[in-house]
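Coordinates from upload-v4.pdb are shown below (PDB, C-alpha atoms).
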```pdb
ATOM      1  CA  MET W   1     104.241  43.422 143.346
ATOM      2  CA  PRO W   2     103.246  43.004 147.027
ATOM      3  CA  SER W   3     105.847  43.881 149.622
ATOM      4  CA  PRO W   4     107.337  41.176 151.885
ATOM      5  CA  LEU W   5     105.491  42.668 154.849
ATOM      6  CA  SER W   6     102.181  42.525 152.980
ATOM      7  CA  THR W   7     102.842  38.903 152.021
ATOM      8  CA  LEU W   8     103.713  38.019 155.616
ATOM      9  CA  ARG W   9     100.597  39.724 156.905
ATOM     10  CA  ALA W  10      98.413  37.906 154.357
ATOM     11  CA  ARG W  11      99.900  34.557 155.389
ATOM     12  CA  LEU W  12      99.369  35.295 159.076
ATOM     13  CA  ALA W  13      95.779  36.331 158.370
ATOM     14  CA  SER W  14      95.215  33.119 156.418
ATOM     15  CA  LEU W  15      96.722  31.105 159.257
ATOM     16  CA  GLY W  16      94.441  32.881 161.716
ATOM     17  CA  ASP W  17      91.368  32.189 159.576
ATOM     18  CA  ARG W  18      92.223  28.486 159.432
ATOM     19  CA  GLY W  19      92.782  28.445 163.176
ATOM     20  CA  ARG W  20      89.385  30.018 163.823
ATOM     21  CA  THR W  21      87.780  27.409 161.596
ATOM     22  CA  HIS W  22      89.119  24.527 163.699
ATOM     23  CA  SER W  23      89.140  26.108 167.204
ATOM     24  CA  SER W  24      86.186  27.547 169.109
ATOM     25  CA  LEU W  25      88.597  29.378 171.402
ATOM     26  CA  LEU W  26      90.322  31.146 168.509
ATOM     27  CA  ARG W  27      86.940  32.089 167.046
ATOM     28  CA  ARG W  28      86.407  34.265 170.114
ATOM     29  CA  VAL W  29      89.602  36.251 169.452
ATOM     30  CA  PRO W  30      88.767  39.538 167.679
ATOM     31  CA  PRO W  31      90.346  40.250 164.269
ATOM     32  CA  LEU W  32      93.795  41.827 164.223
ATOM     33  CA  HIS W  33      92.568  45.319 163.283
ATOM     34  CA  VAL W  34      90.186  45.298 166.264
ATOM     35  CA  LEU W  35      93.019  44.307 168.617
ATOM     36  CA  LEU W  36      95.256  47.039 167.177
ATOM     37  CA  GLU W  37      92.520  49.636 167.677
ATOM     38  CA  LEU W  38      92.041  48.523 171.279
ATOM     39  CA  ALA W  39      95.798  48.717 171.906
ATOM     40  CA  ALA W  40      95.942  52.240 170.446
ATOM     41  CA  ARG W  41      93.100  53.415 172.688
ATOM     42  CA  ILE W  42      94.784  51.873 175.725
ATOM     43  CA  GLY W  43      97.960  53.716 174.676
ATOM     44  CA  TYR W  44      96.213  57.081 174.565
ATOM     45  CA  GLY W  45      94.751  56.350 177.978
ATOM     46  CA  ALA W  46      98.176  55.488 179.420
ATOM     47  CA  ARG W  47      99.629  58.717 178.044
ATOM     48  CA  GLY W  48      96.724  60.621 179.557
ATOM     49  CA  PHE W  49      97.268  59.048 182.975
ATOM     50  CA  VAL W  50     100.978  59.935 182.965
ATOM     51  CA  TYR W  51     100.396  63.587 182.035
ATOM     52  CA  LEU W  52      97.454  63.921 184.420
ATOM     53  CA  SER W  53      99.666  62.600 187.220
ATOM     54  CA  ALA W  54     102.557  64.898 186.228
ATOM     55  CA  GLY W  55     100.296  67.946 186.100
ATOM     56  CA  THR W  56      98.847  67.130 189.513
ATOM     57  CA  LEU W  57     102.317  66.795 191.061
ATOM     58  CA  VAL W  58     103.515  70.066 189.511
ATOM     59  CA  LEU W  59     100.392  71.819 190.808
ATOM     60  CA  LEU W  60     100.946  70.430 194.315
ATOM     61  CA  ALA W  61     104.568  71.583 194.141
ATOM     62  CA  ALA W  62     103.448  75.068 193.096
ATOM     63  CA  VAL W  63     101.356  75.384 196.265
ATOM     64  CA  ASP W  64     104.070  73.735 198.426
ATOM     65  CA  LEU W  65     102.032  70.643 199.286
ATOM     66  CA  VAL W  66     104.783  68.314 198.017
ATOM     67  CA  GLY W  67     108.515  68.738 197.503
ATOM     68  CA  ASP W  68     110.201  69.870 194.316
ATOM     69  CA  ALA W  69     108.399  69.688 190.974
ATOM     70  CA  VAL W  70     109.175  66.671 188.825
ATOM     71  CA  GLY W  71     108.895  66.036 185.102
ATOM     72  CA  ILE W  72     107.374  63.085 183.288
ATOM     73  CA  LYS W  73     110.142  60.628 184.235
ATOM     74  CA  GLY W  74     110.134  61.950 187.795
ATOM     75  CA  THR W  75     106.405  61.285 187.925
ATOM     76  CA  LEU W  76     107.063  57.600 187.258
ATOM     77  CA  ASP W  77     109.707  57.617 190.010
ATOM     78  CA  TRP W  78     107.159  59.157 192.375
ATOM     79  CA  LEU W  79     104.361  56.745 191.449
ATOM     80  CA  VAL W  80     106.453  53.605 191.897
ATOM     81  CA  LEU W  81     107.066  54.584 195.530
ATOM     82  CA  ARG W  82     103.318  54.715 196.258
ATOM     83  CA  PRO W  83     101.225  51.711 197.402
ATOM     84  CA  LEU W  84     100.886  49.196 194.553
ATOM     85  CA  GLY W  85     103.528  51.257 192.735
ATOM     86  CA  ARG W  86     105.044  48.331 190.841
ATOM     87  CA  LEU W  87     101.610  47.295 189.603
ATOM     88  CA  TRP W  88     101.082  50.845 188.328
ATOM     89  CA  MET W  89     104.468  50.730 186.587
ATOM     90  CA  PHE W  90     103.652  47.428 184.906
ATOM     91  CA  LEU W  91     100.320  48.733 183.599
ATOM     92  CA  ILE W  92     101.813  52.073 182.522
ATOM     93  CA  GLY W  93     104.701  50.324 180.769
ATOM     94  CA  LEU W  94     102.296  48.080 178.863
ATOM     95  CA  GLY W  95     100.037  50.995 177.965
ATOM     96  CA  LEU W  96     102.910  53.135 176.705
ATOM     97  CA  ALA W  97     104.260  50.177 174.724
ATOM     98  CA  ALA W  98     100.835  49.936 173.064
ATOM     99  CA  PHE W  99     101.053  53.643 172.255
ATOM    100  CA  VAL W 100     104.501  53.135 170.714
ATOM    101  CA  MET W 101     103.006  50.411 168.531
ATOM    102  CA  TRP W 102     100.343  52.855 167.348
ATOM    103  CA  ARG W 103     102.955  55.531 166.638
ATOM    104  CA  LEU W 104     104.809  52.941 164.547
ATOM    105  CA  LEU W 105     101.668  52.263 162.527
ATOM    106  CA  GLN W 106     101.119  56.014 162.093
ATOM    107  CA  SER W 107     104.650  56.972 161.109
ATOM    108  CA  VAL W 108     105.878  53.972 159.133
ATOM    109  CA  PHE W 109     102.672  52.478 157.758
ATOM    110  CA  ASP W 110     100.672  55.731 157.500
ATOM    111  CA  ALA W 111      97.656  54.667 159.548
ATOM    112  CA  ASP W 112      96.272  58.230 159.348
ATOM    113  CA  HIS W 113      96.635  58.381 155.554
ATOM    114  CA  GLU W 114      98.903  61.414 155.636
ATOM    115  CA  GLY W 115     100.567  60.360 152.374
ATOM    116  CA  THR W 116     104.034  61.208 151.129
ATOM    117  CA  SER W 117     103.571  64.923 150.540
ATOM    118  CA  HIS W 118     105.837  67.404 152.332
ATOM    119  CA  HIS W 119     103.227  67.964 155.031
ATOM    120  CA  GLY W 120     102.459  64.263 155.303
ATOM    121  CA  LEU W 121     106.090  63.221 155.690
ATOM    122  CA  ARG W 122     106.668  65.977 158.260
ATOM    123  CA  THR W 123     103.687  64.728 160.276
ATOM    124  CA  ARG W 124     104.855  61.122 160.083
ATOM    125  CA  LEU W 125     108.386  62.128 161.126
ATOM    126  CA  SER W 126     106.935  63.910 164.148
ATOM    127  CA  GLN W 127     104.978  60.769 165.009
ATOM    128  CA  ALA W 128     108.171  58.713 164.721
ATOM    129  CA  PHE W 129     110.034  61.005 167.159
ATOM    130  CA  SER W 130     107.052  60.802 169.503
ATOM    131  CA  GLY W 131     107.225  57.011 169.285
ATOM    132  CA  PHE W 132     110.923  57.028 170.237
ATOM    133  CA  SER W 133     110.275  59.250 173.262
ATOM    134  CA  TYR W 134     107.408  57.097 174.546
ATOM    135  CA  ALA W 135     109.451  53.948 173.917
ATOM    136  CA  ALA W 136     112.098  55.392 176.254
ATOM    137  CA  LEU W 137     109.397  56.232 178.793
ATOM    138  CA  SER W 138     107.921  52.733 178.552
ATOM    139  CA  PHE W 139     111.391  51.237 179.054
ATOM    140  CA  ALA W 140     111.888  53.505 182.082
ATOM    141  CA  ALA W 141     108.597  52.277 183.570
ATOM    142  CA  PHE W 142     109.604  48.628 183.173
ATOM    143  CA  LYS W 143     113.069  49.387 184.552
ATOM    144  CA  LEU W 144     111.479  50.767 187.718
ATOM    145  CA  LEU W 145     109.974  47.322 188.340
ATOM    146  CA  VAL W 146     113.511  46.118 189.072
ATOM    147  CA  HIS W 147     115.277  49.246 190.326
ATOM    148  CA  ALA W 148     112.966  51.592 192.207
ATOM    149  CA  PRO W 149     114.506  54.972 193.194
ATOM    150  CA  GLU W 150     115.900  55.087 196.709
ATOM    151  CA  GLY W 151     116.008  58.863 197.200
ATOM    152  CA  ASP W 152     114.160  62.001 196.160
ATOM    153  CA  PRO W 153     113.004  61.572 192.528
ATOM    154  CA  ALA W 154     113.715  65.251 191.797
ATOM    155  CA  VAL W 155     117.330  64.978 193.026
ATOM    156  CA  GLU W 156     117.900  61.678 191.246
ATOM    157  CA  GLY W 157     116.585  63.195 188.033
ATOM    158  CA  VAL W 158     119.215  65.954 188.179
ATOM    159  CA  ILE W 159     121.987  63.455 188.947
ATOM    160  CA  ARG W 160     120.895  61.226 186.056
ATOM    161  CA  SER W 161     120.784  64.153 183.617
ATOM    162  CA  ARG W 162     124.256  65.351 184.629
ATOM    163  CA  GLU W 163     125.713  61.866 184.269
ATOM    164  CA  GLN W 164     124.246  61.640 180.768
ATOM    165  CA  ALA W 165     125.637  65.085 179.906
ATOM    166  CA  ALA W 166     129.088  64.088 181.189
ATOM    167  CA  THR W 167     128.987  60.987 178.994
ATOM    168  CA  VAL W 168     128.176  63.101 175.945
ATOM    169  CA  LEU W 169     130.890  65.655 176.751
ATOM    170  CA  ALA W 170     133.457  62.848 176.944
ATOM    171  CA  LEU W 171     132.812  61.994 173.282
ATOM    172  CA  PRO W 172     134.684  63.672 170.374
ATOM    173  CA  PHE W 173     133.004  67.048 169.743
ATOM    174  CA  GLY W 174     130.882  66.253 172.793
ATOM    175  CA  ASN W 175     130.240  69.901 173.576
ATOM    176  CA  TRP W 176     128.692  70.438 170.146
ATOM    177  CA  LEU W 177     126.688  67.241 170.486
ATOM    178  CA  LEU W 178     125.296  68.624 173.739
ATOM    179  CA  VAL W 179     124.507  71.941 172.046
ATOM    180  CA  GLY W 180     122.739  69.963 169.336
ATOM    181  CA  ALA W 181     120.731  68.094 171.972
ATOM    182  CA  GLY W 182     119.707  71.398 173.525
ATOM    183  CA  LEU W 183     118.638  72.760 170.155
ATOM    184  CA  ALA W 184     116.652  69.566 169.539
ATOM    185  CA  ILE W 185     114.865  70.050 172.878
ATOM    186  CA  PHE W 186     114.196  73.665 171.876
ATOM    187  CA  GLY W 187     112.801  72.448 168.555
ATOM    188  CA  ILE W 188     110.445  70.056 170.353
ATOM    189  CA  GLY W 189     109.229  72.856 172.591
ATOM    190  CA  ALA W 190     108.810  75.329 169.742
ATOM    191  CA  GLY W 191     107.044  72.680 167.661
ATOM    192  CA  ASN W 192     104.501  72.106 170.419
ATOM    193  CA  ILE W 193     103.860  75.845 170.697
ATOM    194  CA  VAL W 194     103.344  76.162 166.930
ATOM    195  CA  ARG W 195     100.994  73.172 166.954
ATOM    196  CA  ALA W 196      99.012  74.745 169.786
ATOM    197  CA  TRP W 197      98.225  77.746 167.570
ATOM    198  CA  ARG W 198      97.916  76.186 164.135
ATOM    199  CA  GLU W 199      96.706  72.587 164.326
ATOM    200  CA  ASP W 200      93.118  71.397 164.187
ATOM    201  CA  PHE W 201      93.186  68.839 167.002
ATOM    202  CA  THR W 202      89.625  67.730 166.339
ATOM    203  CA  GLU W 203      90.362  66.574 162.784
ATOM    204  CA  TYR W 204      90.767  62.961 163.855
ATOM    205  CA  LEU W 205      87.981  62.868 166.448
ATOM    206  CA  ALA W 206      84.739  61.032 165.756
ATOM    207  CA  CYS W 207      82.529  63.162 167.971
ATOM    208  CA  SER W 208      79.841  65.795 167.516
ATOM    209  CA  ALA W 209      80.764  69.315 166.478
ATOM    210  CA  GLU W 210      79.710  70.599 169.896
ATOM    211  CA  THR W 211      81.898  68.090 171.739
ATOM    212  CA  CYS W 212      84.846  68.832 169.449
ATOM    213  CA  ARG W 213      84.438  72.558 170.064
ATOM    214  CA  ARG W 214      84.557  72.025 173.806
ATOM    215  CA  VAL W 215      87.588  69.713 173.914
ATOM    216  CA  ALA W 216      89.814  71.562 171.408
ATOM    217  CA  PRO W 217      91.005  74.119 174.034
ATOM    218  CA  LEU W 218      92.308  71.231 176.158
ATOM    219  CA  ALA W 219      94.629  70.168 173.340
ATOM    220  CA  ARG W 220      95.814  73.725 172.696
ATOM    221  CA  ALA W 221      96.498  74.401 176.369
ATOM    222  CA  GLY W 222      98.273  71.076 176.738
ATOM    223  CA  HIS W 223     100.597  71.543 173.773
ATOM    224  CA  MET W 224     101.330  75.139 174.790
ATOM    225  CA  ALA W 225     102.260  74.036 178.324
ATOM    226  CA  ARG W 226     104.456  71.201 177.056
ATOM    227  CA  GLY W 227     106.212  73.516 174.622
ATOM    228  CA  LEU W 228     106.920  76.273 177.143
ATOM    229  CA  ALA W 229     108.135  73.774 179.746
ATOM    230  CA  TYR W 230     110.845  72.481 177.384
ATOM    231  CA  LEU W 231     112.383  75.896 176.677
ATOM    232  CA  PRO W 232     114.219  76.498 180.006
ATOM    233  CA  LEU W 233     115.726  73.010 179.885
ATOM    234  CA  ALA W 234     116.817  73.568 176.274
ATOM    235  CA  GLY W 235     118.597  76.786 177.256
ATOM    236  CA  LEU W 236     120.442  75.100 180.133
ATOM    237  CA  VAL W 237     121.599  72.215 177.933
ATOM    238  CA  VAL W 238     122.879  74.603 175.232
ATOM    239  CA  VAL W 239     124.789  76.651 177.836
ATOM    240  CA  ALA W 240     126.253  73.452 179.300
ATOM    241  CA  GLY W 241     127.485  72.437 175.851
ATOM    242  CA  LEU W 242     129.005  75.844 175.108
ATOM    243  CA  GLN W 243     130.777  75.920 178.478
ATOM    244  CA  SER W 244     131.544  72.165 178.508
ATOM    245  CA  GLN W 245     130.097  71.935 182.002
ATOM    246  CA  ALA W 246     127.882  68.940 182.732
ATOM    247  CA  SER W 247     126.989  70.533 186.081
ATOM    248  CA  ASP W 248     124.997  73.174 184.196
ATOM    249  CA  VAL W 249     122.575  70.510 182.983
ATOM    250  CA  THR W 250     119.475  69.915 185.039
ATOM    251  CA  SER W 251     116.355  67.790 184.759
ATOM    252  CA  PHE W 252     112.946  68.647 183.358
ATOM    253  CA  GLY W 253     111.541  68.896 186.867
ATOM    254  CA  ALA W 254     114.429  71.064 188.083
ATOM    255  CA  ALA W 255     113.848  73.403 185.136
ATOM    256  CA  LEU W 256     110.267  73.771 186.348
ATOM    257  CA  GLU W 257     111.605  74.534 189.818
ATOM    258  CA  MET W 258     113.786  77.258 188.306
ATOM    259  CA  ILE W 259     110.643  78.820 186.868
ATOM    260  CA  GLU W 260     108.977  78.686 190.279
ATOM    261  CA  ARG W 261     111.830  80.713 191.818
ATOM    262  CA  GLN W 262     111.194  83.628 189.458
ATOM    263  CA  PRO W 263     108.811  86.528 190.241
ATOM    264  CA  ALA W 264     105.261  85.200 189.925
ATOM    265  CA  GLY W 265     106.875  81.797 189.415
ATOM    266  CA  PRO W 266     104.334  79.782 191.425
ATOM    267  CA  TRP W 267     101.519  81.219 189.306
ATOM    268  CA  ILE W 268     103.373  80.393 186.099
ATOM    269  CA  LEU W 269     104.084  76.900 187.382
ATOM    270  CA  ALA W 270     100.414  76.447 188.293
ATOM    271  CA  LEU W 271      99.382  77.462 184.760
ATOM    272  CA  GLY W 272     101.853  74.946 183.354
ATOM    273  CA  ALA W 273     100.426  72.291 185.673
ATOM    274  CA  PHE W 274      96.908  72.984 184.435
ATOM    275  CA  GLY W 275      98.269  72.683 180.892
ATOM    276  CA  PHE W 276      99.701  69.234 181.663
ATOM    277  CA  VAL W 277      96.372  68.209 183.182
ATOM    278  CA  ALA W 278      94.609  69.523 180.064
ATOM    279  CA  PHE W 279      96.917  67.474 177.830
ATOM    280  CA  GLY W 280      96.218  64.385 179.909
ATOM    281  CA  ALA W 281      92.478  65.020 179.740
ATOM    282  CA  PHE W 282      92.621  65.423 175.965
ATOM    283  CA  SER W 283      94.525  62.141 175.713
ATOM    284  CA  PHE W 284      91.570  60.478 177.426
ATOM    285  CA  ILE W 285      89.280  62.183 174.905
ATOM    286  CA  GLU W 286      91.417  60.709 172.121
ATOM    287  CA  ALA W 287      91.250  57.284 173.763
ATOM    288  CA  ARG W 288      87.479  57.480 173.458
ATOM    289  CA  PHE W 289      86.812  59.411 170.251
ATOM    290  CA  ARG W 290      89.883  59.239 168.019
ATOM    291  CA  ARG W 291      89.449  57.608 164.631
ATOM    292  CA  ILE W 292      91.725  54.562 164.772
ATOM    293  CA  ARG W 293      92.250  53.013 161.349
ATOM    294  CA  PRO W 294      94.947  50.318 161.521
ATOM    295  CA  PRO W 295      96.449  49.869 158.035
ATOM    296  CA  ARG W 296      95.392  46.654 156.367
ATOM    297  CA  ASP W 297      98.345  46.763 153.967
ATOM    298  CA  LEU W 298     101.680  47.066 155.789
ATOM    299  CA  ASN W 299     103.449  48.971 153.043
ATOM    300  CA  PRO W 300     105.451  51.983 154.240
ATOM    301  CA  LEU W 301     105.190  53.729 150.878
ATOM    302  CA  THR W 302     101.388  53.698 150.577
TER     303      THR W 302
END
```
Whole structure, structure tokens version:
Amino acid sequence: MPSPLSTLRARLASLGDRGRTHSSLLRRVPPLHVLLELAARIGYGARGFVYLSAGTLVLLAAVDLVGDAVGIKGTLDWLVLRPLGRLWMFLIGLGLAAFVMWRLLQSVFDADHEGTSHHGLRTRLSQAFSGFSYAALSFAAFKLLVHAPEGDPAVEGVIRSREQAATVLALPFGNWLLVGAGLAIFGIGAGNIVRAWREDFTEYLACSAETCRRVAPLARAGHMARGLAYLPLAGLVVVAGLQSQASDVTSFGAALEMIERQPAGPWILALGAFGFVAFGAFSFIEARFRRIRPPRDLNPLT
């Protein structure tokens, strides 16, 4: 028996076919699966632009050409203050929203045909968490269209993180909730490190073997850098929860600054910056070469 979503999709497709029959304008509109593929590729490109920008800012901070290092959200704060910043935010917000749509198709409707095995469900769950994080980032980009930061993005990021931590600590068992959040951040970082070593990032690329061989190191370096960058922040959040001190919480960018203050810190920060740039570059590779197969049957269990 077809699912309600499948029935709805079939009716919409039938309505679209009838519309194309009677309207020359509608006949020029590509089919839905073509539009979904285009949106997914735009989403990968938007993700690539954000990480490429973040890596560039971290690298400039490592060589003291800009102020403090900033994380992904801080990068949006920095970009919106540049010329045409609100236009950039609008385009980035739309692109990330398109990427969230693709993550929804991957995780819920199994666009990559991962199946319902243990490995498949784990992959789809990871894609769902990724979708939530980019949805928050897309919302943050649109929010900046209305409320642009007035001060230093790095400082505002710390203030925002501490306010969020204080809100959590005010809840029943808030300290343990904060510890749990820190462990979740640690899990995200560790997961990226494990993926950097174990995953075949070229599996979904429709490119030649030579091209795949050349671009795979970009994905590994990018995931390794993302994973390692999360670990200091995870430790600070866990300590803040154990000590019930919101002031111990810092931002992603401030955690990178803490790394820079260590012996050989600028070199470590520069390596992390190159990793972010590599991740952004690989996202552009995915925008061009990834196999995008929008599901034709919107059934979460298939």
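Distance check against Pro294 of chain W using all atoms listed in the file: of W:Glu199, W:Glu163, W:Asp110, W:Asp77, the minimum falls on W:Asp110.
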Original post:
Which value, in Å to one decimal, gives the distance between atom CA of Gly187 of chain W and atom CA of Ala287 of chain W?
Top reply: 26.9 Å
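Minimum atom-to-atom distances from W:Ala148, W:Phe276, W:Leu231, W:Ile285 to Arg214 of chain W were compared using only C-alpha atoms, and the lowest value belongs to W:Ile285.
Take the candidates W:Gln245, W:Ala240, W:Arg220, W:Ala97 and check each one against Gly275 of chain W using all atoms listed in the file; the shortest distance goes to W:Arg220.
Within the 10 Å cut-off around Val100 of chain W, using all atoms listed in the file and omitting residues fewer than 2 positions from it on the same chain, the listed residues are W:Ala39, W:Ala40, W:Gly43, W:Tyr44, W:Leu94, W:Gly95, W:Leu96, W:Ala97, W:Ala98, W:Trp102, W:Arg103, W:Leu104, W:Leu105, W:Gln106, W:Gln127, W:Ala128, W:Ser130, W:Gly131, W:Phe132, W:Ser133, W:Tyr134, W:Ala135, W:Ala136, W:Leu137, W:Ser138.
Residues in contact with segment 289-293 of chain W at 9 Å, where only C-alpha atoms are counted and same-chain residues fewer than 4 positions away are skipped, are listed as His33, Leu36, Glu37, Leu38, Ala40, Arg41, Ala111, Asp112, Thr202, Tyr204, Leu205, Ala206, Cys207, Phe284 and Ile285 of chain W.
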**OP:** Compute the distance from (106.2, 76.0, 172.4) to each atom, counting all atoms listed in the file, keep the residues with any atom at most 10 Å away, and return them as a list in words; use the coordinates of the file.
**Re:** Phe186, Gly187, Ile188, Gly189, Ala190, Gly191, Asn192, Ile193, Val194, Arg195, Ala196, Trp197, His223, Met224, Ala225, Arg226, Gly227, Leu228, Ala229, Tyr230 and Leu231 of chain W
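The closest residue to Gly71 of chain W, picked from W:Gly120, W:Gly235, W:Gly272, W:Gly180 and counting only C-alpha atoms, is W:Gly272.
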Original post:
Could you pull the residues within 7 Å of Val237 of chain W, counting all atoms listed in the file, minus those fewer than 4 positions along the same chain, as a VMD selection string?
Top reply: chain W and resid 178 to 179 182 233 241 249
Shell around Leu242 of chain W at 8 Å using only C-alpha atoms, local window under 4 positions removed, as a PDB file with C-alpha atoms, in the frame of the given file:
```pdb
ATOM      1  CA  ASN W 175     130.240  69.901 173.576  1.00  0.00           C
ATOM      2  CA  TRP W 176     128.692  70.438 170.146  1.00  0.00           C
ATOM      3  CA  VAL W 179     124.507  71.941 172.046  1.00  0.00           C
ATOM      4  CA  VAL W 238     122.879  74.603 175.232  1.00  0.00           C
TER       5      VAL W 238
END
```
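Once Val146 of chain W and its same-chain neighbours fewer than 5 positions away are set aside, Val80, Gly85, Arg86, Leu87, Met89, Phe90, Phe139, Ala140 and Ala141 of chain W remain within 12 Å of it when counting all atoms listed in the file.
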Subject >> Using all atoms listed in the file: which of W:Arg124, W:Lys73, W:His147, W:His119 has the shortest distance to Ala54 of chain W >> reply: W:Lys73
**OP:** Run the PyMOL selection byres ((chain W and resi 55-66) around 7) on the file and write out the hits as a ChimeraX atom specification.
**Re:** /W:51-54,67-70,266,269-270,273-274,276-277
